[in-house]
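A.B. asks: So that we are looking at the same thing, I have put the structure below in structure tokens.
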Amino acid sequence: MKNTIKIAIPNNAFRLADTFKSGQIFRWRETEKGFAGFIKNAPALITQLPDGVVCQTDYDISEQQLSEFLGLDLDYDSIFNAYSDEVIKQAYEKYRGLTILKQEPLECAISFITSANNNIKRINKHMDALSKLCGRAYEFNGQTLYAFPELSELQRLTEADFAALGFGYRAAYIAAFIKRVKDEYPLFLSLRSSDYASAKEYLLSFKGIGNKVADCILLYGFRHYEAFPVDVWIKRALNELYGFSEKNAQKINEFAAQKFPNYAGIAQLYLFMLMRMGGSGQ
DNA sequence: TTCCAGGCGAAGA
DNA sequence: TCTTCGCATGGA
């Protein structure tokens, strides 16, 4: 490895395994040494240390890029200390060190369009199959890893190609998404600096992106931390932990925004972990 | 065989 | 505006 980056993280403020197994990101593989995947199209292996993390890669990734990717540029203690809610405080105590990763927007969007009425194992399978079909191959640690395809590679694929990979009825959504994003790529990337409401409105204009998927893309791909993805697990969490049984998505979002100002999405990830790992899980 | 999976869109009430 | 239903696929 030509590049080894170590980041010291005191007080157990990062948990590698929980973070990569929390369902927020796909295609990262657990090995005996840590987790292997891609950071900005560079294959990387990340290992947990007692006092931090170390990242090994053949390519140039700066410490700052690694830190941002791992979501270490946020002060989680301060965020959760600012909340008065006891339930979320307990969830934070239990999973402290779980962070929000900074994903590449395009891959993140396609991952979460794929996630609709799907399970995490199959989402991984679909994204791996897509990468293997037309992503760039890298020899890394004695095995071949495939990067997520570039937009130029994706735009050559048809709905039939996605269907052949097993995407089911989402094949049409993804093909149409790529076709439009190809023409609007600067606009798509600008969602990072848009305000949350207008960024969400834009994403909702795509077929196959509804309320929940839009919030996942905004939270994990564009770092809009106020986005609060509402799925079956979160509905269960709000019902069981707060006695809140409202079904209307907008009212649930309002509840979350009031309960967890500014960083509802981070609270959501902790609630999601609490429910999935505490219950039957997968 | 039937049910379910980090939902969505369209039709019906 | 709110609720219900069909949807591709594959593993349990």
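Ordering of the structure tokens sets the chain letters (A, B, ...); residue numbers start at 1 within each chain; ligands are numbered from 1 in the order shown.
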Near Gln103 (chain A), counting only C-alpha atoms (C1' of nucleotides), which residues have an atom at most 10 Å away, once you skip same-chain residues fewer than 2 positions from it, shown as a list in words?
C.D. replies: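 Final neighbour list, sorted by chain and number: Gln24, Ile25, Phe26, Phe38, Ile39, Lys40, Glu68, Phe69, Leu70, Gly71, Ile100, Leu101, Pro105, Leu106, Glu107, Cys108, Ala109, Ile217, Leu219, Tyr220, Gly221, Phe222 and Arg223 of chain A.
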A.B. asks: Write the selection just made, keeping N, CA, C and O atoms, as a short mmCIF file (atom, residue, chain, number, x, y, z; two decimals), in the first residue's frame?
C.D. replies:
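What ended up in again_22.cif:
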data_model
loop_
_atom_site.label_atom_id
_atom_site.label_comp_id
_atom_site.auth_asym_id
_atom_site.auth_seq_id
_atom_site.Cartn_x
_atom_site.Cartn_y
_atom_site.Cartn_z
N GLN A 24 -26.93 2.32 6.07
CA GLN A 24 -26.86 3.62 5.39
C GLN A 24 -26.06 3.54 4.11
O GLN A 24 -26.23 4.37 3.22
N ILE A 25 -25.17 2.56 4.01
CA ILE A 25 -24.29 2.46 2.84
C ILE A 25 -24.26 1.02 2.36
O ILE A 25 -24.46 0.09 3.15
N PHE A 26 -24.01 0.83 1.08
CA PHE A 26 -24.02 -0.51 0.51
C PHE A 26 -22.67 -0.80 -0.14
O PHE A 26 -21.88 0.09 -0.37
N PHE A 38 -14.98 1.58 -1.48
CA PHE A 38 -14.42 2.69 -2.26
C PHE A 38 -14.68 4.04 -1.59
O PHE A 38 -15.77 4.30 -1.09
N ILE A 39 -13.64 4.88 -1.58
CA ILE A 39 -13.79 6.28 -1.19
C ILE A 39 -13.45 7.10 -2.42
O ILE A 39 -12.32 7.04 -2.92
N LYS A 40 -14.43 7.83 -2.93
CA LYS A 40 -14.22 8.62 -4.15
C LYS A 40 -13.55 7.80 -5.25
O LYS A 40 -12.55 8.21 -5.84
N GLU A 68 -13.98 13.33 6.46
CA GLU A 68 -15.31 13.73 5.98
C GLU A 68 -16.11 12.51 5.56
O GLU A 68 -17.30 12.40 5.88
N PHE A 69 -15.46 11.60 4.84
CA PHE A 69 -16.17 10.39 4.41
C PHE A 69 -16.74 9.64 5.60
O PHE A 69 -17.87 9.16 5.59
N LEU A 70 -15.95 9.55 6.66
CA LEU A 70 -16.38 8.80 7.85
C LEU A 70 -17.33 9.60 8.74
O LEU A 70 -17.79 9.09 9.76
N GLY A 71 -17.62 10.81 8.35
CA GLY A 71 -18.55 11.61 9.14
C GLY A 71 -17.98 12.07 10.47
O GLY A 71 -18.71 12.29 11.43
N ILE A 100 -22.54 9.28 10.48
CA ILE A 100 -23.19 9.41 9.17
C ILE A 100 -22.11 9.53 8.11
O ILE A 100 -21.35 10.50 8.10
N LEU A 101 -22.01 8.54 7.23
CA LEU A 101 -20.99 8.56 6.19
C LEU A 101 -21.37 9.54 5.09
O LEU A 101 -22.54 9.83 4.87
N PRO A 105 -23.10 11.17 -4.29
CA PRO A 105 -24.53 11.38 -4.54
C PRO A 105 -25.16 10.43 -5.57
O PRO A 105 -26.25 9.91 -5.35
N LEU A 106 -24.44 10.18 -6.66
CA LEU A 106 -25.03 9.36 -7.72
C LEU A 106 -25.25 7.92 -7.25
O LEU A 106 -26.34 7.35 -7.42
N GLU A 107 -24.23 7.35 -6.66
CA GLU A 107 -24.36 5.98 -6.16
C GLU A 107 -25.41 5.90 -5.07
O GLU A 107 -26.22 4.96 -5.01
N CYS A 108 -25.41 6.90 -4.20
CA CYS A 108 -26.37 6.94 -3.10
C CYS A 108 -27.80 6.97 -3.64
O CYS A 108 -28.67 6.21 -3.19
N ALA A 109 -28.03 7.80 -4.64
CA ALA A 109 -29.38 7.92 -5.21
C ALA A 109 -29.84 6.62 -5.82
O ALA A 109 -30.96 6.16 -5.58
N ILE A 217 -31.53 10.06 0.27
CA ILE A 217 -30.55 10.65 -0.65
C ILE A 217 -30.03 11.97 -0.09
O ILE A 217 -28.83 12.25 -0.12
N LEU A 219 -29.96 12.94 3.05
CA LEU A 219 -29.19 12.73 4.29
C LEU A 219 -27.83 12.11 4.02
O LEU A 219 -26.80 12.63 4.47
N TYR A 220 -27.81 11.03 3.26
CA TYR A 220 -26.56 10.28 3.09
C TYR A 220 -25.73 10.74 1.89
O TYR A 220 -24.52 10.57 1.88
N GLY A 221 -26.37 11.33 0.89
CA GLY A 221 -25.63 11.77 -0.28
C GLY A 221 -25.31 13.25 -0.28
O GLY A 221 -24.33 13.69 -0.86
N PHE A 222 -26.17 14.04 0.40
CA PHE A 222 -26.01 15.49 0.32
C PHE A 222 -25.88 16.17 1.68
O PHE A 222 -25.88 17.39 1.76
N ARG A 223 -25.81 15.39 2.72
CA ARG A 223 -25.58 15.91 4.06
C ARG A 223 -26.59 16.96 4.50
O ARG A 223 -26.24 17.95 5.13
#
A.B. asks: Can you check which residues of region 45-182 of chain A DSSP gives as helix (DSSP H, G or I) on the backbone and send them as number ranges by chain?
C.D. replies: A: 63-69, 76-81, 86-95, 105-114, 120-134, 151-154, 159-164, 170-182
A.B. asks: Extract, using only C-alpha atoms (C1' of nucleotides), all DNA, RNA and protein residues at most 10 Å from Ser152 (chain A), discarding same-chain residues fewer than 4 positions from it, and format them as a ChimeraX atom specification.
C.D. replies: /A:156-157,178,182
A.B. asks: Atoms to include: N, CA and C atoms. Write the selected residues as an mmCIF file, in the first residue's frame.
C.D. replies:
data_model
loop_
_atom_site.group_PDB
_atom_site.id
_atom_site.type_symbol
_atom_site.label_atom_id
_atom_site.label_comp_id
_atom_site.auth_asym_id
_atom_site.auth_seq_id
_atom_site.Cartn_x
_atom_site.Cartn_y
_atom_site.Cartn_z
ATOM 1 N N ARG A 156 -25.074 4.366 -20.791
ATOM 2 C CA ARG A 156 -25.133 3.429 -21.912
ATOM 3 C C ARG A 156 -26.094 2.270 -21.646
ATOM 4 N N LEU A 157 -26.513 2.135 -20.380
ATOM 5 C CA LEU A 157 -27.381 1.009 -20.024
ATOM 6 C C LEU A 157 -28.848 1.343 -20.289
ATOM 7 N N ILE A 178 -31.226 8.071 -14.607
ATOM 8 C CA ILE A 178 -29.914 8.307 -15.212
ATOM 9 C C ILE A 178 -30.039 9.185 -16.454
ATOM 10 N N LYS A 182 -28.207 12.810 -16.389
ATOM 11 C CA LYS A 182 -27.153 13.051 -17.394
ATOM 12 C C LYS A 182 -27.260 14.476 -17.935
#
A.B. asks: Write out as an mmCIF file with C-alpha atoms (C1' of nucleotides), in the first residue's frame the residues lying within 12 Å of DC3 (chain B), counting only C-alpha atoms (C1' of nucleotides) and excluding same-chain residues fewer than 6 positions away.
C.D. replies:
data_model
loop_
_atom_site.group_PDB
_atom_site.id
_atom_site.type_symbol
_atom_site.label_atom_id
_atom_site.label_comp_id
_atom_site.auth_asym_id
_atom_site.auth_seq_id
_atom_site.Cartn_x
_atom_site.Cartn_y
_atom_site.Cartn_z
ATOM 1 C "C1'" DG C 10 -35.674 -14.054 -4.257
ATOM 2 C "C1'" DG C 11 -34.828 -15.747 0.374
ATOM 3 C "C1'" DA C 12 -37.033 -17.538 4.596
#
A.B. asks: Given a cut-off of 7 Å, which residues of chain C touch chain A, counting only C-alpha atoms (C1' of nucleotides), written out as number ranges by chain?
C.D. replies: C: 7-9
A.B. asks: Write out as a VMD selection string all residues of region 80-171 of chain A that DSSP puts in strand (DSSP E or B) for this structure's backbone.
C.D. replies: chain A and resid 137 to 140 143 to 146
A.B. asks: Residues of chain A that approach chain B to 10 Å or less, counting only C-alpha atoms (C1' of nucleotides): could you list each one with the shortest pair of atoms and its distance in Å to one decimal, rows by chain and increasing residue number, as a tab-separated table?
C.D. replies:
residue	atom	partner	partner_atom	distance
A:Gly23	CA	B:DG6	C1'	7.5
A:Gln24	CA	B:DG6	C1'	8.8
A:Phe112	CA	B:DG6	C1'	8.6
A:Ile113	CA	B:DG7	C1'	9.1
A:Thr114	CA	B:DG7	C1'	9.9
A:Ser115	CA	B:DG6	C1'	6.7
A:Ala116	CA	B:DG7	C1'	4.5
A:Asn117	CA	B:DG7	C1'	5.2
A:Asn118	CA	B:DA5	C1'	4.4
A:Asn119	CA	B:DA5	C1'	4.3
A:Ile120	CA	B:DG6	C1'	7.7
A:Lys121	CA	B:DA5	C1'	9.5
A:Arg122	CA	B:DA5	C1'	9.0
A:Arg170	CA	B:DC8	C1'	9.7
A:Lys207	CA	B:DG9	C1'	8.1
A:Gly208	CA	B:DC8	C1'	5.9
A:Ile209	CA	B:DC8	C1'	7.2
A:Gly210	CA	B:DC8	C1'	6.2
A:Asn211	CA	B:DG7	C1'	8.8
A:Lys212	CA	B:DG7	C1'	7.5
A:Val213	CA	B:DG7	C1'	7.9
A:Cys216	CA	B:DG6	C1'	9.1
A:Pro229	CA	B:DG6	C1'	8.6
A:Val230	CA	B:DG6	C1'	8.4
A:Asp231	CA	B:DG6	C1'	5.8
A:Val232	CA	B:DG6	C1'	7.2
A:Trp233	CA	B:DG6	C1'	7.3
A:Ile234	CA	B:DG6	C1'	9.0
A:Phe272	CA	B:DG6	C1'	8.8
A.B. asks: With only C-alpha atoms (C1' of nucleotides) as the counted atoms, please give the residues lying no more than 12 Å from Leu74 (chain A), apart from itself and same-chain residues fewer than 5 positions off, as an mmCIF file with N, CA and C atoms, in the first residue's frame.
C.D. replies:
data_model
loop_
_atom_site.group_PDB
_atom_site.id
_atom_site.type_symbol
_atom_site.label_atom_id
_atom_site.label_comp_id
_atom_site.auth_asym_id
_atom_site.auth_seq_id
_atom_site.Cartn_x
_atom_site.Cartn_y
_atom_site.Cartn_z
ATOM 1 N N ALA A 13 -15.065 7.383 20.080
ATOM 2 C CA ALA A 13 -16.065 8.189 19.373
ATOM 3 C C ALA A 13 -16.297 7.722 17.935
ATOM 4 N N PHE A 14 -15.792 6.560 17.589
ATOM 5 C CA PHE A 14 -16.106 6.004 16.271
ATOM 6 C C PHE A 14 -16.224 4.491 16.359
ATOM 7 N N SER A 67 -11.670 11.773 6.822
ATOM 8 C CA SER A 67 -12.436 12.233 7.984
ATOM 9 C C SER A 67 -13.856 12.628 7.583
ATOM 10 N N GLU A 68 -13.976 13.326 6.463
ATOM 11 C CA GLU A 68 -15.309 13.725 5.980
ATOM 12 C C GLU A 68 -16.114 12.510 5.563
ATOM 13 N N PHE A 69 -15.461 11.603 4.842
ATOM 14 C CA PHE A 69 -16.172 10.394 4.408
ATOM 15 C C PHE A 69 -16.742 9.638 5.603
ATOM 16 N N ILE A 79 -24.360 17.492 19.533
ATOM 17 C CA ILE A 79 -25.672 17.360 18.879
ATOM 18 C C ILE A 79 -26.667 16.670 19.817
ATOM 19 N N PHE A 80 -26.244 15.551 20.400
ATOM 20 C CA PHE A 80 -27.182 14.800 21.239
ATOM 21 C C PHE A 80 -27.359 15.436 22.621
ATOM 22 N N GLY A 97 -20.620 6.584 18.615
ATOM 23 C CA GLY A 97 -19.558 6.163 17.714
ATOM 24 C C GLY A 97 -20.099 5.781 16.344
ATOM 25 N N LEU A 98 -21.410 5.640 16.269
ATOM 26 C CA LEU A 98 -22.078 5.429 14.984
ATOM 27 C C LEU A 98 -22.158 6.780 14.277
ATOM 28 N N THR A 99 -21.626 6.859 13.059
ATOM 29 C CA THR A 99 -21.572 8.156 12.363
ATOM 30 C C THR A 99 -22.321 8.113 11.038
ATOM 31 N N ILE A 100 -22.545 9.277 10.482
ATOM 32 C CA ILE A 100 -23.192 9.407 9.169
ATOM 33 C C ILE A 100 -22.109 9.531 8.109
ATOM 34 N N LEU A 101 -22.010 8.544 7.234
ATOM 35 C CA LEU A 101 -20.989 8.564 6.191
ATOM 36 C C LEU A 101 -21.366 9.544 5.086
ATOM 37 N N LYS A 102 -20.343 10.032 4.406
ATOM 38 C CA LYS A 102 -20.579 10.965 3.298
ATOM 39 C C LYS A 102 -20.443 10.207 1.986
ATOM 40 N N ARG A 223 -25.810 15.387 2.721
ATOM 41 C CA ARG A 223 -25.576 15.914 4.064
ATOM 42 C C ARG A 223 -26.587 16.963 4.500
ATOM 43 N N TYR A 225 -28.793 17.228 7.094
ATOM 44 C CA TYR A 225 -29.007 16.456 8.319
ATOM 45 C C TYR A 225 -30.406 16.587 8.897
ATOM 46 N N TYR A 263 -30.775 18.161 13.285
ATOM 47 C CA TYR A 263 -30.065 16.908 12.994
ATOM 48 C C TYR A 263 -30.976 15.690 13.123
ATOM 49 N N ILE A 266 -29.716 12.273 11.944
ATOM 50 C CA ILE A 266 -28.758 11.531 12.763
ATOM 51 C C ILE A 266 -29.506 10.781 13.866
#
